[in-house]
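A quick write-up on the structure given underneath.
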Amino acid sequence: MVEKWWQRYNTLPVPVKASLWFVVCAVLQKGIGTITTPIFTRIMTPDEYGQFNVFSSWQSIISVFVTLNLNAGVFAQGVVKFAKNRSEFASSLQGLCLMLCLLWSGIYLLAENFWNQLFGLTTVQMLSMLLMIWLSAVWGFWSMTQRVDFLYRRVVAISLVMSVLTPILGVIMVWNANDRVTARIISILLVQLFLYTGLFFCQMLQGKTFFSAKYWRYALAFNIPLIPHYLSGVVLSSADRIMIQQMVGNDAAGIYSLGCSVAVVMSLFNSSLMQTLEPWLYRKISERRVMDIAPIAYISFSLIGAMNLLLIAFAPELVAIFAPAEYYDAIWIIPPVTMGVYFTFTYSFFATFEFYFEKTVFIAAATVVGAVMNLWMNYLFIPAFGYLAAGYTTLFCYMIFAGSHYAFMQYVCKEKFSGIRIYNLKIILGVTALFMVVGGLFALSYGNVVSRYSMLFLSFILAYYKRQDIKEQVKAIMALKKQAKE
């Protein structure tokens, strides 16, 4: 059996192999935090776990200002646009990013105490953060150049080493430290220094271009207008923990973060499915065969909804596995956060039209509106109802986010496809309403094990009865990946 699969794997085209391994890398990088959560929640108190997650949230936000997200959209487009001078382009953006990081490090050191007080971090933590921001950008630049040429082996090797070394060194340092939060931060920094620093010098030696007015102007002109979009996206996903820490405390931020970490399990599945569907979606739009999209969208929404319901149903058991009893209240965070994950999946089917036709104003508007509403609602409802309210404010904002993209998609279709209605809104609302009602019923049954398991039993019977339909739906989606590669 193994030999048969190996032979089949060897017959795959290089782009397909590369796509497969890049998905594995993404799962390794994003899943490492989730996989090691049960360890760190048992050697760190909720207060310490909350402090570390708030540090991570600040890092995500500050990174947008420090690097301008140069290793994101503009670099991916630039390595294709400047394919003949790719090495020079890559090294020049590495140089620009380094200069920005040094500039912001200087600004920090000029008013060290002010920044420490503003972010609630120590000098060691702030300097570590700035260094980690730079190293993450270095990895982003290098790994993108590998992806373009389908050179997946080195990316996989580094990702694998990273996924092994980070938790091992983290556990050793946290276990033996008095300041466990700083120890956890330093352990990640040391691994990144070991693995990523050489990548910077590798690209600089290849491109031999630190400064290029042409490439620097191009990158800044492209990315600076997108800063509100990038920043709003980070705020929407990270600001909750910071506001909970400020308004309630580190322990509440830790419990809330655990609930989010459990929900990330499902976001990894959602992302993998979307990576399969996205090339097919773009292909259908380019071929103007957009009416083929809706049937697959309905199937995808149903499958993702069902998978997310499983996570909500087993939330008490998952929290017991992920953390000790002090974190038990995290079960109440999982339903709204998981429902929010569902909406982040659905919006991709709408936003693809905006990305394809480069409607960046629409993209930024939807993200900014969602982020501003999230901050405002957290400010109002966390003091009034406690930190659990943050999960529901985030869910509501993701619903607005998805709804905004649907409205913008309709506008794009009116302009580009003569007003064709691609989706039946009643079907989408029906699937979504059923998902949320059943999810709410599971959440209400957390206090009654018999009721919850009775609902699960009935759900499994229904799934068994509909097993043939489910198989056909899964086959239909998997067939799309093959189509997209042809």
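Residues are referred to by chain and number: the chain letter is A, B, ... according to the order shown in the structure tokens, the number counts from 1 in that chain, and ligands are numbered separately from 1 in the order shown.
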Show me, as a PyMOL selection string, the residues that have an atom within 12 Å of Leu121 in chain A when counting only C-alpha atoms, minus same-chain residues fewer than 3 positions from it. chain A and resi 51-52+54-56+58-59+112-118+124-129+181-182+185
Using only C-alpha atoms, please write the residues we just selected to a file, as a PDB file, in the first residue's frame.
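selection36.pdb was written with the following content:
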```
ATOM      1  CA  GLN A  51       0.451  37.921  29.226  1.00  0.00           C
ATOM      2  CA  PHE A  52       2.133  35.858  26.507  1.00  0.00           C
ATOM      3  CA  VAL A  54      -1.271  39.712  24.740  1.00  0.00           C
ATOM      4  CA  PHE A  55       2.407  40.008  23.733  1.00  0.00           C
ATOM      5  CA  SER A  56       1.607  38.033  20.565  1.00  0.00           C
ATOM      6  CA  TRP A  58       0.777  43.423  20.208  1.00  0.00           C
ATOM      7  CA  GLN A  59       3.399  41.851  17.947  1.00  0.00           C
ATOM      8  CA  GLU A 112      11.930  53.384  26.063  1.00  0.00           C
ATOM      9  CA  ASN A 113       9.953  53.939  29.276  1.00  0.00           C
ATOM     10  CA  PHE A 114       7.018  55.527  27.440  1.00  0.00           C
ATOM     11  CA  TRP A 115       6.638  52.588  25.046  1.00  0.00           C
ATOM     12  CA  ASN A 116       7.092  50.021  27.823  1.00  0.00           C
ATOM     13  CA  GLN A 117       4.318  51.644  29.828  1.00  0.00           C
ATOM     14  CA  LEU A 118       2.058  51.998  26.787  1.00  0.00           C
ATOM     15  CA  VAL A 124      13.719  42.754  26.954  1.00  0.00           C
ATOM     16  CA  GLN A 125      10.262  41.819  25.676  1.00  0.00           C
ATOM     17  CA  MET A 126      10.009  44.887  23.414  1.00  0.00           C
ATOM     18  CA  LEU A 127      13.470  44.402  21.881  1.00  0.00           C
ATOM     19  CA  SER A 128      12.719  40.699  21.403  1.00  0.00           C
ATOM     20  CA  MET A 129       9.473  41.624  19.663  1.00  0.00           C
ATOM     21  CA  VAL A 181       6.490  34.839  29.954  1.00  0.00           C
ATOM     22  CA  THR A 182       9.863  36.276  28.937  1.00  0.00           C
ATOM     23  CA  ILE A 185       9.336  34.752  24.174  1.00  0.00           C
TER      24      ILE A 185
END
```
Q | Selection: 12 Å around Arg86 in chain A, only C-alpha atoms, excl. self and same-chain fewer than 4 positions, as a list in words | A | Phe75, Ala76, Gln77, Gly78, Val79, Val80, Lys81, Phe82, Ala90, Ser91, Ser92, Leu93, Phe141, Trp142, Met144, Thr145, Gln146, Val148, Asp149, Gln203, Met204, Gln206, Gly207, Lys208, Thr209 and Tyr215 of chain A
Excluding range 316-318 of chain A and its own-chain neighbours fewer than 5 positions away, which residues fall within 12 Å of it when counting only C-alpha atoms? Please give them as a PDB file with C-alpha atoms, in the first residue's frame.
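As a result, selection_16.pdb now contains:
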```pdb
ATOM      1  CA  THR A  34      -2.396  24.732  19.110  1.00  0.00           C
ATOM      2  CA  ILE A  35      -0.616  21.385  19.454  1.00  0.00           C
ATOM      3  CA  THR A  37      -1.171  24.501  24.123  1.00  0.00           C
ATOM      4  CA  PRO A  38      -1.922  21.611  26.563  1.00  0.00           C
ATOM      5  CA  LEU A 258      -7.313  29.393  25.228  1.00  0.00           C
ATOM      6  CA  GLY A 259     -10.827  29.428  23.744  1.00  0.00           C
ATOM      7  CA  SER A 261      -6.592  28.571  20.410  1.00  0.00           C
ATOM      8  CA  VAL A 262      -9.077  25.685  20.416  1.00  0.00           C
ATOM      9  CA  ALA A 263     -11.083  27.399  17.661  1.00  0.00           C
ATOM     10  CA  VAL A 265      -8.047  23.926  15.137  1.00  0.00           C
ATOM     11  CA  LEU A 310     -18.394  19.188  16.010  1.00  0.00           C
ATOM     12  CA  LEU A 311     -15.892  21.548  17.613  1.00  0.00           C
ATOM     13  CA  ALA A 323      -5.797  22.963  29.914  1.00  0.00           C
ATOM     14  CA  PRO A 324      -6.352  22.360  33.668  1.00  0.00           C
ATOM     15  CA  ALA A 325      -9.522  23.267  35.555  1.00  0.00           C
ATOM     16  CA  TYR A 327      -9.305  27.468  32.289  1.00  0.00           C
ATOM     17  CA  TYR A 328     -12.740  25.777  32.273  1.00  0.00           C
ATOM     18  CA  ASP A 329     -14.646  28.982  31.468  1.00  0.00           C
ATOM     19  CA  ALA A 330     -12.982  28.928  28.045  1.00  0.00           C
ATOM     20  CA  ILE A 331     -15.776  26.571  26.909  1.00  0.00           C
ATOM     21  CA  TRP A 332     -18.107  29.585  26.661  1.00  0.00           C
ATOM     22  CA  ILE A 333     -15.684  31.353  24.302  1.00  0.00           C
ATOM     23  CA  ILE A 334     -15.529  28.510  21.787  1.00  0.00           C
ATOM     24  CA  PRO A 335     -19.103  28.745  20.324  1.00  0.00           C
ATOM     25  CA  PHE A 442     -25.026  22.695  21.793  1.00  0.00           C
ATOM     26  CA  ALA A 443     -23.695  25.638  23.804  1.00  0.00           C
ATOM     27  CA  LEU A 444     -26.826  25.723  25.961  1.00  0.00           C
ATOM     28  CA  SER A 445     -26.413  21.989  26.667  1.00  0.00           C
ATOM     29  CA  TYR A 446     -22.902  22.304  28.158  1.00  0.00           C
ATOM     30  CA  GLY A 447     -24.396  21.991  31.639  1.00  0.00           C
ATOM     31  CA  ASN A 448     -26.303  18.807  30.753  1.00  0.00           C
ATOM     32  CA  VAL A 449     -24.151  15.976  29.394  1.00  0.00           C
ATOM     33  CA  ARG A 452     -25.593  17.224  24.595  1.00  0.00           C
ATOM     34  CA  TYR A 453     -24.731  13.614  23.814  1.00  0.00           C
TER      35      TYR A 453
END
```
Can you list, as an MDAnalysis selection string, every residue of range 69-261 of chain A that DSSP puts in alpha helix (DSSP H)? chainID A and resid 73:81 86:110 112:119 123:148 152:175 180:207 213:223 227:247 250:261
### Query
Counting only C-alpha atoms, which of A:Phe194, A:Ser143, A:Ser348, A:Val138 gets nearest to Leu165 in chain A?
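The closest residue to Leu165 in chain A is A:Phe194.
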| task | Determine the nearest neighbour of Ile158 in chain A from the options A:Ile227, A:Ala364, A:Leu199, A:Ala111, counting only C-alpha atoms. | result |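 Among A:Ile227, A:Ala364, A:Leu199, A:Ala111, it is A:Leu199 that comes nearest to Ile158 in chain A.
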inquiry  = To one decimal place in Å, what is the distance between CA of Val264 in chain A and CA of Val337 in chain A?
reply    =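 Distance between the two atoms: 9.1 Å.
With only C-alpha atoms as the atoms that count, the residue of A:Leu395, A:Ile244, A:Leu309, A:Val361 with the shortest distance to Tyr379 in chain A is A:Ile244.
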Query raised in the report: Which residues come within 10 Å of Met291 in chain A, counting only C-alpha atoms, excluding same-chain residues fewer than 2 positions away, as a list of chain:residue names?
Result: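 Listed by chain and then number, they are A:Lys284, A:Ile285, A:Arg288, A:Arg289, A:Ile293, A:Ala294, A:Pro295, A:Ile420, A:Arg421, A:Ile422, A:Tyr423.
Near Phe408 in chain A, within 10 Å and counting only C-alpha atoms, sit A:Phe350, A:Ala351, A:Phe353, A:Glu354, A:Lys359, A:Phe362, A:Ile363, A:Ala365, A:Ala366, A:Ala402, A:Gly403, A:Cys413, A:Lys414; same-chain residues fewer than 5 positions away were not included.
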What does the file look like for those residues with all heavy atoms, as a compact mmCIF listing (two decimals), in the first residue's frame?
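Result file part-v1.txt:
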```
# COMPACT_ATOMS: atom_id res chain seq x y z
N PHE A 350 -17.03 35.58 -1.47
CA PHE A 350 -17.49 36.87 -1.98
C PHE A 350 -16.31 37.78 -2.31
O PHE A 350 -16.29 38.43 -3.36
CB PHE A 350 -18.39 37.56 -0.94
CG PHE A 350 -19.41 36.64 -0.31
CD1 PHE A 350 -19.71 36.73 1.05
CD2 PHE A 350 -20.07 35.69 -1.06
CE1 PHE A 350 -20.65 35.89 1.64
CE2 PHE A 350 -21.02 34.84 -0.48
CZ PHE A 350 -21.30 34.95 0.87
N ALA A 351 -15.31 37.80 -1.41
CA ALA A 351 -14.17 38.72 -1.57
C ALA A 351 -13.29 38.35 -2.75
O ALA A 351 -12.56 39.21 -3.27
CB ALA A 351 -13.33 38.73 -0.29
N PHE A 353 -14.04 37.98 -5.74
CA PHE A 353 -14.40 38.84 -6.88
C PHE A 353 -13.73 40.21 -6.74
O PHE A 353 -13.27 40.79 -7.73
CB PHE A 353 -15.91 39.00 -6.96
CG PHE A 353 -16.63 37.76 -7.40
CD1 PHE A 353 -16.95 36.76 -6.49
CD2 PHE A 353 -16.98 37.58 -8.73
CE1 PHE A 353 -17.60 35.61 -6.89
CE2 PHE A 353 -17.64 36.42 -9.14
CZ PHE A 353 -17.94 35.43 -8.21
N GLU A 354 -13.66 40.72 -5.51
CA GLU A 354 -13.02 42.01 -5.28
C GLU A 354 -11.52 41.93 -5.53
O GLU A 354 -10.92 42.83 -6.14
CB GLU A 354 -13.29 42.48 -3.85
CG GLU A 354 -14.77 42.68 -3.54
CD GLU A 354 -15.02 42.64 -2.04
OE1 GLU A 354 -14.45 43.48 -1.33
OE2 GLU A 354 -15.78 41.76 -1.58
N LYS A 359 -10.36 45.54 -6.56
CA LYS A 359 -11.17 46.55 -5.89
C LYS A 359 -10.67 46.73 -4.45
O LYS A 359 -11.34 46.38 -3.48
CB LYS A 359 -12.64 46.16 -5.91
CG LYS A 359 -13.23 45.96 -7.31
CD LYS A 359 -13.30 47.28 -8.07
CE LYS A 359 -14.00 47.13 -9.41
NZ LYS A 359 -14.09 48.40 -10.16
N PHE A 362 -12.82 48.55 -1.76
CA PHE A 362 -13.88 47.74 -1.17
C PHE A 362 -13.32 46.82 -0.08
O PHE A 362 -13.90 46.67 1.00
CB PHE A 362 -14.56 46.88 -2.23
CG PHE A 362 -15.39 47.66 -3.23
CD1 PHE A 362 -15.84 47.06 -4.39
CD2 PHE A 362 -15.70 48.98 -3.00
CE1 PHE A 362 -16.61 47.76 -5.32
CE2 PHE A 362 -16.46 49.70 -3.91
CZ PHE A 362 -16.91 49.10 -5.07
N ILE A 363 -12.18 46.20 -0.39
CA ILE A 363 -11.55 45.27 0.57
C ILE A 363 -11.21 46.02 1.85
O ILE A 363 -11.51 45.55 2.96
CB ILE A 363 -10.28 44.66 -0.05
CG1 ILE A 363 -10.63 43.82 -1.28
CG2 ILE A 363 -9.55 43.79 0.98
CD1 ILE A 363 -9.44 43.45 -2.13
N ALA A 365 -12.42 48.89 2.95
CA ALA A 365 -13.61 49.43 3.61
C ALA A 365 -14.27 48.38 4.49
O ALA A 365 -14.63 48.65 5.65
CB ALA A 365 -14.60 49.94 2.56
N ALA A 366 -14.44 47.16 3.96
CA ALA A 366 -15.08 46.09 4.74
C ALA A 366 -14.28 45.76 5.98
O ALA A 366 -14.83 45.56 7.07
CB ALA A 366 -15.26 44.85 3.87
N ALA A 402 -18.60 39.70 6.57
CA ALA A 402 -19.06 38.83 5.47
C ALA A 402 -20.18 39.50 4.68
O ALA A 402 -20.21 39.45 3.44
CB ALA A 402 -19.52 37.49 6.03
N GLY A 403 -21.12 40.14 5.39
CA GLY A 403 -22.22 40.82 4.73
C GLY A 403 -21.74 41.97 3.85
O GLY A 403 -22.27 42.18 2.74
N CYS A 413 -20.27 42.46 -9.51
CA CYS A 413 -20.97 41.64 -10.51
C CYS A 413 -21.88 42.49 -11.40
O CYS A 413 -22.06 42.20 -12.59
CB CYS A 413 -21.78 40.55 -9.83
SG CYS A 413 -20.74 39.26 -9.10
N LYS A 414 -22.45 43.53 -10.82
CA LYS A 414 -23.29 44.43 -11.61
C LYS A 414 -22.45 45.14 -12.67
O LYS A 414 -22.89 45.34 -13.81
CB LYS A 414 -23.95 45.46 -10.68
CG LYS A 414 -24.91 46.40 -11.39
CD LYS A 414 -25.57 47.36 -10.39
CE LYS A 414 -26.53 48.30 -11.11
NZ LYS A 414 -27.18 49.25 -10.15
```
Gly95 in chain A surroundings by only C-alpha atoms, 7 Å radius, close-in-sequence under 4 positions cut, as a PyMOL selection string: chain A and resi 91+99+210-211
Met377 in chain A proximity check over A:Leu236, A:Ala213, A:Ala252, A:Ile43, using only C-alpha atoms: winner is A:Leu236
Q: Show which residues sit within 10 Å of Tyr282 in chain A, as a PyMOL selection string. Count only C-alpha atoms, and ignore same-chain residues fewer than 2 positions away.
A: chain A and resi 277-280+284-288+290+352-353+355-356+484
Mind pulling up the distance from CA of Ile304 in chain A to CA of Asn270 in chain A?
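Between CA of Asn270 in chain A and CA of Ile304 in chain A the gap is 6.9 Å.
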Shortest contact to Leu68 in chain A, candidates A:Asn178, A:Asn223, A:Ser257, A:Thr338, atoms counted only C-alpha atoms, goes to A:Asn223
Interatomic distance between CA of Ala137 in chain A and CA of Phe200 in chain A?
->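 Between these atoms lies a distance of 9.6 Å.
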Across A:Met436, A:Leu231, A:Val155, A:Ala390, the smallest distance to Gln245 in chain A, with only C-alpha atoms counted, is shown by A:Ala390
